[in-house]
There are 2 protein chains.
Amino acid sequence: MKQESKIPYKIYLEESEMPTSWYNMRADMKNKPAPLLNPGTLKPMTFEELTGVFCDDLVRQELDDTTAYIEIPEEIRNFYKMYRPSPLVRAYCLEEKLQTPAKIYYKFEGNNTSGSHKLNSAIAQAYYAKKQGLKGVTTETGAGQWGTALAMACAYLGLDCKVYMVKVSYEQKPFRREVMRTYGASVVPSPSMDTEVGRKILAEHPGTTGSLGCAISEAVEVATTNEGYRYVLGSVLNQVLLHQSVIGLESKIAMDKYGIKPDIIIGCAGGGSNLGGLISPFMGEKLRGENDYRIIAVEPASCPSFTRGKFAYDFCDTGMICPLAKMYTLGSGFIPSPNHAGGLRFHGMSSILSQLYHDGLMEATSVEQTSVFEAAEQFARVEGILPAPESAHAIRVAIDEALKCKETGEEKTILFGLTGTGYFDLVAYEKFHNGEMSDYIPTDADLQKGFDGIPKFPGNEF
Amino acid sequence: MKQESKIPYKIYLEESEMPTSWYNMRADMKNKPAPLLNPGTLKPMTFEELTGVFCDDLVRQELDDTTAYIEIPEEIRNFYKMYRPSPLVRAYCLEEKLQTPAKIYYKFEGNNTSGSHKLNSAIAQAYYAKKQGLKGVTTETGAGQWGTALAMACAYLGLDCKVYMVKVSYEQKPFRREVMRTYGASVVPSPSMDTEVGRKILAEHPGTTGSLGCAISEAVEVATTNEGYRYVLGSVLNQVLLHQSVIGLESKIAMDKYGIKPDIIIGCAGGGSNLGGLISPFMGEKLRGENDYRIIAVEPASCPSFTRGKFAYDFCDTGMICPLAKMYTLGSGFIPSPNHAGGLRFHGMSSILSQLYHDGLMEATSVEQTSVFEAAEQFARVEGILPAPESAHAIRVAIDEALKCKETGEEKTILFGLTGTGYFDLVAYEKFHNGEMSDYIPTDADLQKGFDGIPKFPGNEF
């Protein structure tokens with residue numbers, strides 16, 4: 001196996017090289033992402049309105065679109081040191097297997113018990129809740145990565161943690177549930193009888209197995225009706241992309257250290273937290289006209305918010321109790337087909353990324369899941385790491401781009417985000433091995449049903 | 001949280017600092033471990049006899065008790081770079097939680113898809129099989145860590161891999177099986193109808209759920225009766241401890257770099273691979289009279305080979321087709337109680353460690369599993385990592401020793417081996433959370449049944 005002597009397989013920064021501030025892409029965006037709107041008044045949500053849902057410091061971060069660098073509090077930096085820096089890996093073995101002249105790097109965020117990058121924002125959100133003297137936080141989780149991450153962060157800080165877990169995942173992923181319990185979280189299958197919105201949904205759809213949008217509604221209701229609680233969210237929000245910028249900042253520091261400049265940056269996109277974090281310092285250079293990069297968001301063909309969604313104000317939750325966000329959306333009633341495995345199933349997309357995509361600063365592509373699992377297995381066999389299905393979306397496109405380089409002979413440098421591990425996704429791997437996995441592309445008629453649910457009001461034409 | 005400024009949370013060696021040779025403790029032992037015996041002739045197994053089972057280079061390593069340092073081939077060193085160096089972590093958070101003056105370090109081997117240290121020997125054994133031009137290897141696996149590690153190594157080298165998996169684990173741990181399939185291994189529940197020994201056991205015990213000893217017998221039979229195959233084993237053997245010395249060597253290099261000397265070294269012990277690897281360079285210094293360390297093997301109270309076993313020649317497998325090894329043993333018919341969770345269920349113990357223990361160079365202690373899971377959960381909540389039940393045996397004793405330091409005020413330095421992660425052990429965690437976990441200590445009468453099966457011959461008094 002070839003190894004360029006100066007480039008280690010895995011680049012680990014020293015503790016002293018780790019970022020001390022998060023980077024806020026919005027500061028460098030000419031077209032700022034649109035503000036959250038109050039669904040009643042259709043006016044921008046104020047600080048006071050938002051602090052009923054989120055804790056104060058996080059609302060400040062949510063609303064701040066001018067400060068480029070926000071210091072990472074020391075306690076969070078200390079927590080980061082428990083599992084960061086994450087390695088930037090040169091995929092020498094994959095390159096050799098593909099016989100490509102491309103140089104492939106991946107930033108691996110799976111070396112922590114939550115199994116993904118989600119911990120980067122979970123600890124930040126839990127920290128600010130603790131700082132504000134709150135008793136606890138509520139959230140929703142689908143596949144369970146975010147819930148696990150939040151449970152870990154809360155256990156560390158001694159905060160109460162209530163997780164509304166989409167019922168189908170609660171039942172099909174008991175192990176994720178047990179990890180959360182190990183960290184002392186209370187995990188409730190959603191929809192539940194605990195909340196008004198849960199009871200309403202159960203009355204209307206008695207046999208429902210739940211959805212992320214519904215679990216969000218329940219978690220928000222519990223946070224806003226219980227003293228000393230606030231709601232936290234693992235993706236989509238501006239604050240989450242801010243915290244996740246640590247992924248991109250570490251990647252950039254490591255690449256700069258070895259004189260590496262990526263030509264193409266690839267990340268999977270569900271709500272956008274990993275992609276937004278990975279690309280942030282690179283996009284910053286692009287926004288400031290200092291450097292150019294090709295940036296590709298990869299989403300599942302079964303949940304194609306970027307590639308087939310509408311750019312409009314929409315609800316983030318099924319219960320329609322959350323603020324409206326301007327984003328690429330499939331409609332808050334959209335639920336991916338049951339054969340869709342893994343995460344990346346949210347109907348919308350981060351407002352920041354939506355604006356960047358709308359402005360032509362990044363590309364998006366969608367891939368079908370069988371080809372995603374083929375890439376996952378190929379990657380696992382040569383690089384050793386069993387990827388999460390979400391992460392494997394980025395692997396699929398990284399491999400495709402590397403194979404294009406093989407055809408053209410171009411020595412492009414590719415960076416992709418390997419967001420996590422697939423230890424809790426083996427039911428999906430089993431289906432793949434047994435040839436029982438199917439692909440699904442929603443028809444235009446399927447999508448229209450979702451679009452019909454997007455609120456209509458002046459200025460929200462789509 | 002306190003942090004000594006000069007000691008990082010996680011010490012990662014540079015690639016250039018990684019060991020280039022394995023260390024062979026036997027070279028420094030005055031009392032060498034007893035040789036393997038041919039069960040028919042009761043004479044030491046010769047090179048020629050052993051090469052029918054194992055590949056040639058590995059037999060050389062198995063028999064070599066004089067060469068202190070054996071070079072790690074470059075291809076293995078390259079593979080090691082994919083997931084090594086493993087971090088040596090200072091458990092600042094655990095220390096703070098315990099309010100102990102002790103300084104606790106752990107060497108974490110779980111950051112690879114096999115989830116444990118087993119990969120260190122798997123790649124070595126697969127490499128030598130490939131080098132010899134073999135088609136493939138066979139092995140057994142219980143909890144599945146070793147089988148997964150071997151499947152990963154074989155996928156990397158393009159070798160065929162047949163894994164006999166203890167039937168109860170095959171059925172209860174389908175996810176482990178799927179990971180192995182992802183890496184292209186064929187996984188067979190044992191006992192199976194594939195082998196003579198399997199058919200015999202099934203005829204005698206139709207409802208059996210299998211045992212490690214039985215799966216070993218099947219894997220050995222397949223290796224010795226199929227052209228181009230050899231058998232490989234994940235623990236117990238001298239060669240395995242040799243390969244696992246990379247754990248201890250990295251630990252020692254990292255500790256020396258920061259001027260740290262452990263007072264106590266703790267590892268869990270099933271067959272002895274992790275413990276033997278972790279302690280090796282430290283034991284070397286102890287054997288050569290250069291330094292002294294307190295070394296503690298931790299085993300489950302339900303499978304107490306060191307603390308309650310006999311030091312005698314015994315079979316390594318149930319089918320009694322393998323060579324006899326001199327070791328602390330509970331008898332090859334011993335099977336831990338069904339309530340025993342996780343690994344550490346082998347009836348015997350590495351000959352090297354058995355000799356060292358017999359000579360008073362190390363201690364052993366046994367712990368009950370409920371207290372092991374309590375330690376696991378406490379550790380997970382503060383250090384973030386969800387430990388494998390096996391590893392948690394070492395955590396239990398590390399915490400106990402740290403609490404003793406709290407009482408006495410001694411600032412001892414403790415090093416323990418955190419062999420792996422518990423992502424595939426959540427059924428056991430669930431039992432623990434639900435209060436359904438029980439402890440079991442075999443009675444003297446239970447143990448006597450196992451001892452009765454140890455072969456009797458002159459020189460094998462116990």
# chains A, B, ... in the order shown; residues from 1 in each chain; ligands from 1
$ closest_atom_pairs --of "chain A" --to "chain B" --cutoff "7 Å" --atoms "only C-alpha atoms" --output "CSV"
residue,atom,partner,partner_atom,distance
A:Pro8,CA,B:Glu15,CA,7.0
A:Tyr9,CA,B:Lys81,CA,6.3
A:Glu15,CA,B:Pro8,CA,7.0
A:Lys81,CA,B:Tyr9,CA,6.3
A:Met82,CA,B:Tyr9,CA,6.4
A:Asn111,CA,B:Asn111,CA,6.1
A:Asn112,CA,B:Ile385,CA,6.6
A:Thr113,CA,B:Ile385,CA,5.4
A:Met152,CA,B:Gly384,CA,6.6
A:Ala155,CA,B:Arg381,CA,5.6
A:Tyr156,CA,B:Val382,CA,5.6
A:Phe175,CA,B:Leu426,CA,5.6
A:Glu178,CA,B:Glu430,CA,5.9
A:Thr182,CA,B:Glu377,CA,6.1
A:Tyr183,CA,B:Arg381,CA,5.6
A:Glu377,CA,B:Thr182,CA,6.1
A:Arg381,CA,B:Ala155,CA,5.6
A:Val382,CA,B:Tyr156,CA,5.6
A:Gly384,CA,B:Thr113,CA,6.5
A:Ile385,CA,B:Thr113,CA,5.4
A:Leu386,CA,B:Thr113,CA,6.0
A:Tyr423,CA,B:Tyr423,CA,6.9
A:Leu426,CA,B:Phe175,CA,5.6
A:Tyr429,CA,B:Glu178,CA,6.9
A:Glu430,CA,B:Glu178,CA,5.9
$ select_by_dssp --residues "stretch 314-398 of chain A" --states "alpha helix (DSSP H)" --output "compact mmCIF listing (two decimals) with N, CA, C and O atoms, in the first residue's frame"
# COMPACT_ATOMS: atom_id res chain seq x y z
N SER A 351 -31.68 26.22 7.57
CA SER A 351 -31.89 27.48 6.84
C SER A 351 -30.59 28.02 6.25
O SER A 351 -30.59 28.60 5.16
N ILE A 352 -29.50 27.84 6.99
CA ILE A 352 -28.20 28.33 6.48
C ILE A 352 -27.84 27.60 5.19
O ILE A 352 -27.55 28.22 4.17
N LEU A 353 -27.90 26.27 5.24
CA LEU A 353 -27.54 25.50 4.04
C LEU A 353 -28.53 25.75 2.92
O LEU A 353 -28.15 25.79 1.74
N SER A 354 -29.79 25.92 3.27
CA SER A 354 -30.80 26.17 2.24
C SER A 354 -30.46 27.46 1.49
O SER A 354 -30.54 27.52 0.26
N GLN A 355 -30.07 28.50 2.24
CA GLN A 355 -29.72 29.77 1.61
C GLN A 355 -28.47 29.62 0.73
O GLN A 355 -28.42 30.12 -0.40
N LEU A 356 -27.48 28.90 1.25
CA LEU A 356 -26.23 28.71 0.49
C LEU A 356 -26.51 27.94 -0.81
O LEU A 356 -25.96 28.25 -1.87
N TYR A 357 -27.35 26.95 -0.71
CA TYR A 357 -27.71 26.15 -1.88
C TYR A 357 -28.50 27.00 -2.87
O TYR A 357 -28.25 26.99 -4.08
N HIS A 358 -29.45 27.76 -2.34
CA HIS A 358 -30.27 28.64 -3.16
C HIS A 358 -29.38 29.65 -3.91
O HIS A 358 -29.66 30.00 -5.06
N GLN A 369 -30.65 3.83 -1.74
CA GLN A 369 -30.02 3.20 -0.59
C GLN A 369 -29.27 1.90 -0.88
O GLN A 369 -28.28 1.62 -0.19
N THR A 370 -29.67 1.15 -1.88
CA THR A 370 -28.90 -0.07 -2.15
C THR A 370 -27.47 0.29 -2.56
O THR A 370 -26.51 -0.33 -2.10
N SER A 371 -27.34 1.32 -3.38
CA SER A 371 -25.99 1.72 -3.80
C SER A 371 -25.22 2.33 -2.62
O SER A 371 -23.99 2.26 -2.56
N VAL A 372 -25.95 2.89 -1.67
CA VAL A 372 -25.32 3.43 -0.46
C VAL A 372 -24.74 2.29 0.37
O VAL A 372 -23.60 2.36 0.85
N PHE A 373 -25.48 1.21 0.52
CA PHE A 373 -24.98 0.07 1.30
C PHE A 373 -23.84 -0.65 0.57
O PHE A 373 -22.94 -1.20 1.21
N GLU A 374 -23.90 -0.66 -0.75
CA GLU A 374 -22.77 -1.24 -1.50
C GLU A 374 -21.49 -0.45 -1.18
O GLU A 374 -20.43 -1.03 -0.93
N ALA A 375 -21.61 0.87 -1.17
CA ALA A 375 -20.45 1.70 -0.85
C ALA A 375 -20.01 1.47 0.60
O ALA A 375 -18.81 1.41 0.89
N ALA A 376 -20.98 1.33 1.48
CA ALA A 376 -20.67 1.11 2.90
C ALA A 376 -19.86 -0.16 3.09
O ALA A 376 -18.85 -0.20 3.79
N GLU A 377 -20.29 -1.23 2.41
CA GLU A 377 -19.61 -2.51 2.58
C GLU A 377 -18.21 -2.46 1.96
O GLU A 377 -17.24 -2.96 2.55
N GLN A 378 -18.12 -1.83 0.79
CA GLN A 378 -16.81 -1.71 0.14
C GLN A 378 -15.84 -0.93 1.04
O GLN A 378 -14.69 -1.32 1.23
N PHE A 379 -16.33 0.13 1.60
CA PHE A 379 -15.52 0.97 2.49
C PHE A 379 -15.10 0.18 3.74
O PHE A 379 -13.93 0.18 4.13
N ALA A 380 -16.06 -0.50 4.36
CA ALA A 380 -15.76 -1.26 5.59
C ALA A 380 -14.65 -2.28 5.35
O ALA A 380 -13.76 -2.45 6.17
N ARG A 381 -14.72 -2.95 4.20
CA ARG A 381 -13.75 -4.02 3.96
C ARG A 381 -12.33 -3.51 3.79
O ARG A 381 -11.38 -4.20 4.16
N VAL A 382 -12.16 -2.33 3.24
CA VAL A 382 -10.79 -1.84 3.05
C VAL A 382 -10.35 -0.85 4.11
O VAL A 382 -9.18 -0.82 4.48
N GLU A 383 -11.26 -0.05 4.63
CA GLU A 383 -10.86 0.96 5.61
C GLU A 383 -11.14 0.53 7.06
O GLU A 383 -10.78 1.23 8.01
N PRO A 389 -25.34 4.17 8.05
CA PRO A 389 -25.96 4.36 6.73
C PRO A 389 -25.95 5.83 6.31
O PRO A 389 -25.74 6.13 5.12
N GLU A 390 -26.16 6.74 7.25
CA GLU A 390 -26.14 8.17 6.93
C GLU A 390 -24.80 8.53 6.30
O GLU A 390 -24.73 9.13 5.22
N SER A 391 -23.72 8.16 7.00
CA SER A 391 -22.38 8.49 6.53
C SER A 391 -22.09 7.88 5.17
O SER A 391 -21.34 8.43 4.36
N ALA A 392 -22.68 6.71 4.94
CA ALA A 392 -22.39 5.99 3.70
C ALA A 392 -22.94 6.73 2.48
O ALA A 392 -22.48 6.48 1.34
N HIS A 393 -23.87 7.65 2.68
CA HIS A 393 -24.30 8.48 1.55
C HIS A 393 -23.13 9.30 1.03
O HIS A 393 -22.94 9.45 -0.19
N ALA A 394 -22.33 9.82 1.96
CA ALA A 394 -21.16 10.61 1.55
C ALA A 394 -20.10 9.70 0.93
O ALA A 394 -19.44 10.08 -0.05
N ILE A 395 -19.95 8.50 1.48
CA ILE A 395 -18.98 7.55 0.91
C ILE A 395 -19.33 7.25 -0.54
O ILE A 395 -18.47 7.23 -1.42
N ARG A 396 -20.63 7.02 -0.80
CA ARG A 396 -21.09 6.69 -2.15
C ARG A 396 -20.61 7.75 -3.16
O ARG A 396 -20.03 7.43 -4.19
N VAL A 397 -20.83 9.00 -2.81
CA VAL A 397 -20.49 10.06 -3.75
C VAL A 397 -18.97 10.29 -3.79
O VAL A 397 -18.41 10.60 -4.86
N ALA A 398 -18.30 10.09 -2.66
CA ALA A 398 -16.83 10.21 -2.67
C ALA A 398 -16.23 9.15 -3.60
O ALA A 398 -15.30 9.43 -4.38
$ closest_residue --among "B:Cys55, B:Val166, B:Ile399, B:Ala185" --to "B:Ile266" --atoms "only C-alpha atoms"
B:Ile399
$ residues_around --residues "stretch 294-296 of chain B" --least-positions-apart "4" --cutoff "12 Å" --atoms "only C-alpha atoms" --output "PyMOL selection string"
chain B and resi 261-269+272+275-276+278-280+282-283+286+306-307+353+356-357+360-366+393-398+401+412-417
$ closest_residue --among "B:Leu36, B:Leu233, B:Leu150, B:Ile247" --to "B:Glu109" --atoms "only C-alpha atoms"
B:Ile247
$ residues_around --residues "stretch 327-339 of chain B" --least-positions-apart "2" --cutoff "8 Å" --atoms "only C-alpha atoms" --output "PyMOL selection string"
chain B and resi 211+213+302-306+308-318+325+341+345-351+354-355+437-440+447+449-454
$ residues_around --residues "A:Gln99" --least-positions-apart "5" --cutoff "10 Å" --atoms "only C-alpha atoms" --output "number ranges by chain"
A: 93-94, 402-403, 405-406
$ select_by_dssp --residues "stretch 295-358 of chain A" --states "strand (DSSP E or B)" --output "CSV table (one decimal) with C-alpha atoms, in the first residue's frame"
chain,number,residue,atom,x,y,z
A,295,ILE,CA,-19.2,21.4,-2.0
A,296,ILE,CA,-21.7,18.6,-2.4
A,297,ALA,CA,-24.6,17.7,-0.2
A,298,VAL,CA,-25.8,14.1,-0.5
A,299,GLU,CA,-29.3,13.1,0.5
A,300,PRO,CA,-31.4,10.0,0.2
A,310,LYS,CA,-39.5,23.7,-2.2
A,311,PHE,CA,-37.6,26.7,-0.8
A,312,ALA,CA,-40.3,28.2,1.5
A,313,TYR,CA,-41.3,28.9,5.1
A,314,ASP,CA,-42.5,25.7,6.7
A,315,PHE,CA,-43.1,24.1,10.1
A,324,LEU,CA,-41.6,28.6,10.9
A,325,ALA,CA,-38.2,28.2,9.2
A,326,LYS,CA,-37.3,29.2,5.6
A,327,MET,CA,-35.8,26.1,4.1
A,328,TYR,CA,-35.8,23.5,1.4
A,329,THR,CA,-38.7,21.4,2.5
$ residues_around --residues "stretch 60-62 of chain A" --least-positions-apart "3" --cutoff "6 Å" --atoms "only C-alpha atoms" --output "PyMOL selection string"
chain A and resi 57+238-239
$ residues_around --residues "stretch 137-145 of chain A" --least-positions-apart "5" --cutoff "8 Å" --atoms "only C-alpha atoms" --output "JSON, numbers by chain"
{"A": [114, 115, 116, 118, 126, 129, 159, 160, 161, 162, 163, 164, 165, 166, 169, 173, 176, 177, 211, 212, 215, 216, 218, 219, 220, 222, 223, 229, 230, 231, 232, 233, 342, 343]}
$ write_last_selection --atoms "N, CA, C and O atoms" --output "compact mmCIF listing (two decimals), in the first residue's frame"
# COMPACT_ATOMS: atom_id res chain seq x y z
N SER A 114 -21.74 7.88 21.54
CA SER A 114 -22.97 8.23 20.80
C SER A 114 -22.84 7.76 19.35
O SER A 114 -23.83 7.67 18.64
N GLY A 115 -21.61 7.47 18.93
CA GLY A 115 -21.38 6.90 17.61
C GLY A 115 -21.45 7.91 16.48
O GLY A 115 -21.46 7.53 15.32
N SER A 116 -21.49 9.20 16.81
CA SER A 116 -21.60 10.20 15.74
C SER A 116 -21.13 11.56 16.21
O SER A 116 -20.78 11.77 17.37
N LYS A 118 -22.97 14.01 16.72
CA LYS A 118 -24.03 14.71 17.45
C LYS A 118 -23.55 15.23 18.82
O LYS A 118 -24.08 16.22 19.33
N ALA A 126 -26.30 21.26 26.40
CA ALA A 126 -26.46 20.88 27.81
C ALA A 126 -25.70 21.86 28.71
O ALA A 126 -26.18 22.24 29.78
N ALA A 129 -27.66 25.04 29.19
CA ALA A 129 -28.84 24.78 30.03
C ALA A 129 -28.41 24.73 31.50
O ALA A 129 -29.06 25.31 32.38
N LEU A 159 -27.60 16.83 34.48
CA LEU A 159 -28.89 17.40 34.08
C LEU A 159 -29.87 16.29 33.80
O LEU A 159 -29.50 15.22 33.30
N ASP A 160 -31.15 16.55 34.06
CA ASP A 160 -32.18 15.59 33.69
C ASP A 160 -32.38 15.62 32.16
O ASP A 160 -32.27 16.68 31.54
N CYS A 161 -32.67 14.46 31.60
CA CYS A 161 -32.77 14.37 30.14
C CYS A 161 -33.97 13.50 29.77
O CYS A 161 -34.02 12.33 30.12
N LYS A 162 -34.94 14.11 29.07
CA LYS A 162 -36.13 13.36 28.62
C LYS A 162 -36.09 13.27 27.11
O LYS A 162 -36.08 14.29 26.43
N VAL A 163 -36.13 12.06 26.62
CA VAL A 163 -36.02 11.85 25.18
C VAL A 163 -37.30 11.22 24.63
O VAL A 163 -37.72 10.16 25.09
N TYR A 164 -37.94 11.90 23.69
CA TYR A 164 -39.09 11.32 22.98
C TYR A 164 -38.55 10.62 21.74
O TYR A 164 -37.98 11.25 20.85
N MET A 165 -38.69 9.30 21.75
CA MET A 165 -38.08 8.51 20.68
C MET A 165 -39.19 7.99 19.76
O MET A 165 -40.18 7.40 20.25
N VAL A 166 -39.03 8.23 18.47
CA VAL A 166 -40.02 7.77 17.49
C VAL A 166 -40.35 6.30 17.78
O VAL A 166 -39.45 5.47 17.90
N SER A 169 -38.68 3.31 16.17
CA SER A 169 -37.27 3.14 16.54
C SER A 169 -37.15 2.60 17.96
O SER A 169 -36.29 1.77 18.25
N LYS A 173 -35.13 -0.50 17.88
CA LYS A 173 -33.75 -0.23 18.29
C LYS A 173 -33.64 -0.21 19.82
O LYS A 173 -33.24 0.79 20.42
N ARG A 176 -30.24 1.09 21.39
CA ARG A 176 -30.05 2.53 21.52
C ARG A 176 -30.70 3.03 22.80
O ARG A 176 -30.17 3.86 23.52
N ARG A 177 -31.90 2.53 23.04
CA ARG A 177 -32.64 2.90 24.24
C ARG A 177 -31.84 2.55 25.49
O ARG A 177 -31.75 3.33 26.42
N SER A 211 -43.32 9.72 14.19
CA SER A 211 -42.44 10.37 13.23
C SER A 211 -41.60 11.38 14.00
O SER A 211 -41.90 11.73 15.14
N LEU A 212 -40.54 11.83 13.36
CA LEU A 212 -39.65 12.78 14.00
C LEU A 212 -40.40 14.08 14.30
O LEU A 212 -40.28 14.65 15.38
N ALA A 215 -42.47 13.68 17.38
CA ALA A 215 -41.66 13.62 18.60
C ALA A 215 -41.14 15.01 18.97
O ALA A 215 -41.06 15.36 20.16
N ILE A 216 -40.82 15.81 17.96
CA ILE A 216 -40.40 17.19 18.23
C ILE A 216 -41.53 17.94 18.93
O ILE A 216 -41.32 18.60 19.96
N GLU A 218 -43.90 16.84 20.78
CA GLU A 218 -44.05 16.41 22.17
C GLU A 218 -42.95 16.98 23.06
O GLU A 218 -43.21 17.47 24.16
N ALA A 219 -41.72 16.91 22.58
CA ALA A 219 -40.60 17.38 23.39
C ALA A 219 -40.71 18.88 23.64
O ALA A 219 -40.44 19.35 24.75
N VAL A 220 -41.15 19.63 22.62
CA VAL A 220 -41.31 21.08 22.79
C VAL A 220 -42.42 21.36 23.81
O VAL A 220 -42.26 22.20 24.70
N VAL A 222 -43.44 19.53 26.31
CA VAL A 222 -42.98 19.22 27.67
C VAL A 222 -42.02 20.29 28.18
O VAL A 222 -42.09 20.72 29.33
N ALA A 223 -41.16 20.78 27.30
CA ALA A 223 -40.19 21.80 27.72
C ALA A 223 -40.88 23.11 28.08
O ALA A 223 -40.49 23.79 29.02
N TYR A 229 -37.25 23.53 32.44
CA TYR A 229 -36.87 22.70 31.29
C TYR A 229 -36.80 23.55 30.03
O TYR A 229 -37.54 24.53 29.89
N ARG A 230 -35.95 23.19 29.13
CA ARG A 230 -35.95 23.78 27.80
C ARG A 230 -35.78 22.65 26.79
O ARG A 230 -35.36 21.54 27.13
N TYR A 231 -36.09 23.00 25.55
CA TYR A 231 -36.01 22.04 24.46
C TYR A 231 -34.67 22.18 23.75
O TYR A 231 -34.15 23.30 23.61
N VAL A 232 -34.10 21.09 23.32
CA VAL A 232 -32.87 21.13 22.53
C VAL A 232 -33.06 20.28 21.28
O VAL A 232 -33.83 19.31 21.28
N LEU A 233 -32.35 20.62 20.22
CA LEU A 233 -32.55 19.97 18.91
C LEU A 233 -31.17 19.64 18.33
O LEU A 233 -30.23 20.42 18.46
N GLY A 342 -32.18 3.97 8.41
CA GLY A 342 -31.29 4.97 8.99
C GLY A 342 -31.91 6.35 9.07
O GLY A 342 -33.13 6.53 8.88
N GLY A 343 -31.10 7.33 9.36
CA GLY A 343 -31.55 8.70 9.56
C GLY A 343 -31.74 9.43 8.24
O GLY A 343 -32.17 8.84 7.26
$ atom_distance --atom1 "atom CA of A:Asn120" --atom2 "atom CA of A:Gly271"
15.2 Å
$ atom_distance --atom1 "atom CA of B:Ala122" --atom2 "atom CA of B:Pro281"
20.8 Å
$ atom_distance --atom1 "atom CA of B:Ser245" --atom2 "atom CA of B:Met25"
8.8 Å
$ decode --residues "stretch 276-290 of chain B" --atoms "N, CA and C atoms" --output "compact mmCIF listing (two decimals), in the first residue's frame"
# COMPACT_ATOMS: atom_id res chain seq x y z
N GLY B 276 -2.02 -10.21 29.02
CA GLY B 276 -0.65 -10.55 28.65
C GLY B 276 -0.01 -9.50 27.78
N GLY B 277 -0.81 -8.91 26.89
CA GLY B 277 -0.28 -7.85 26.04
C GLY B 277 -0.01 -6.58 26.80
N LEU B 278 -0.95 -6.20 27.63
CA LEU B 278 -0.82 -4.94 28.38
C LEU B 278 0.39 -4.95 29.30
N ILE B 279 0.58 -6.06 29.99
CA ILE B 279 1.63 -6.07 31.02
C ILE B 279 3.01 -6.33 30.45
N SER B 280 3.10 -6.80 29.20
CA SER B 280 4.35 -7.41 28.75
C SER B 280 5.61 -6.58 29.00
N PRO B 281 5.72 -5.31 28.55
CA PRO B 281 6.99 -4.62 28.77
C PRO B 281 7.24 -4.32 30.26
N PHE B 282 6.17 -4.15 31.00
CA PHE B 282 6.31 -3.89 32.44
C PHE B 282 6.79 -5.16 33.13
N MET B 283 6.17 -6.27 32.77
CA MET B 283 6.60 -7.56 33.33
C MET B 283 8.05 -7.85 32.94
N GLY B 284 8.40 -7.46 31.73
CA GLY B 284 9.79 -7.63 31.29
C GLY B 284 10.75 -6.94 32.25
N GLU B 285 10.44 -5.71 32.59
CA GLU B 285 11.30 -4.98 33.55
C GLU B 285 11.31 -5.67 34.90
N LYS B 286 10.16 -6.19 35.28
CA LYS B 286 10.07 -6.88 36.57
C LYS B 286 10.90 -8.17 36.55
N LEU B 287 10.80 -8.89 35.46
CA LEU B 287 11.55 -10.15 35.32
C LEU B 287 13.05 -9.88 35.31
N ARG B 288 13.43 -8.77 34.70
CA ARG B 288 14.86 -8.44 34.63
C ARG B 288 15.33 -7.69 35.87
N GLY B 289 14.43 -7.49 36.83
CA GLY B 289 14.80 -6.81 38.08
C GLY B 289 15.05 -5.32 37.93
N GLU B 290 14.53 -4.73 36.86
CA GLU B 290 14.77 -3.29 36.65
C GLU B 290 13.76 -2.41 37.33
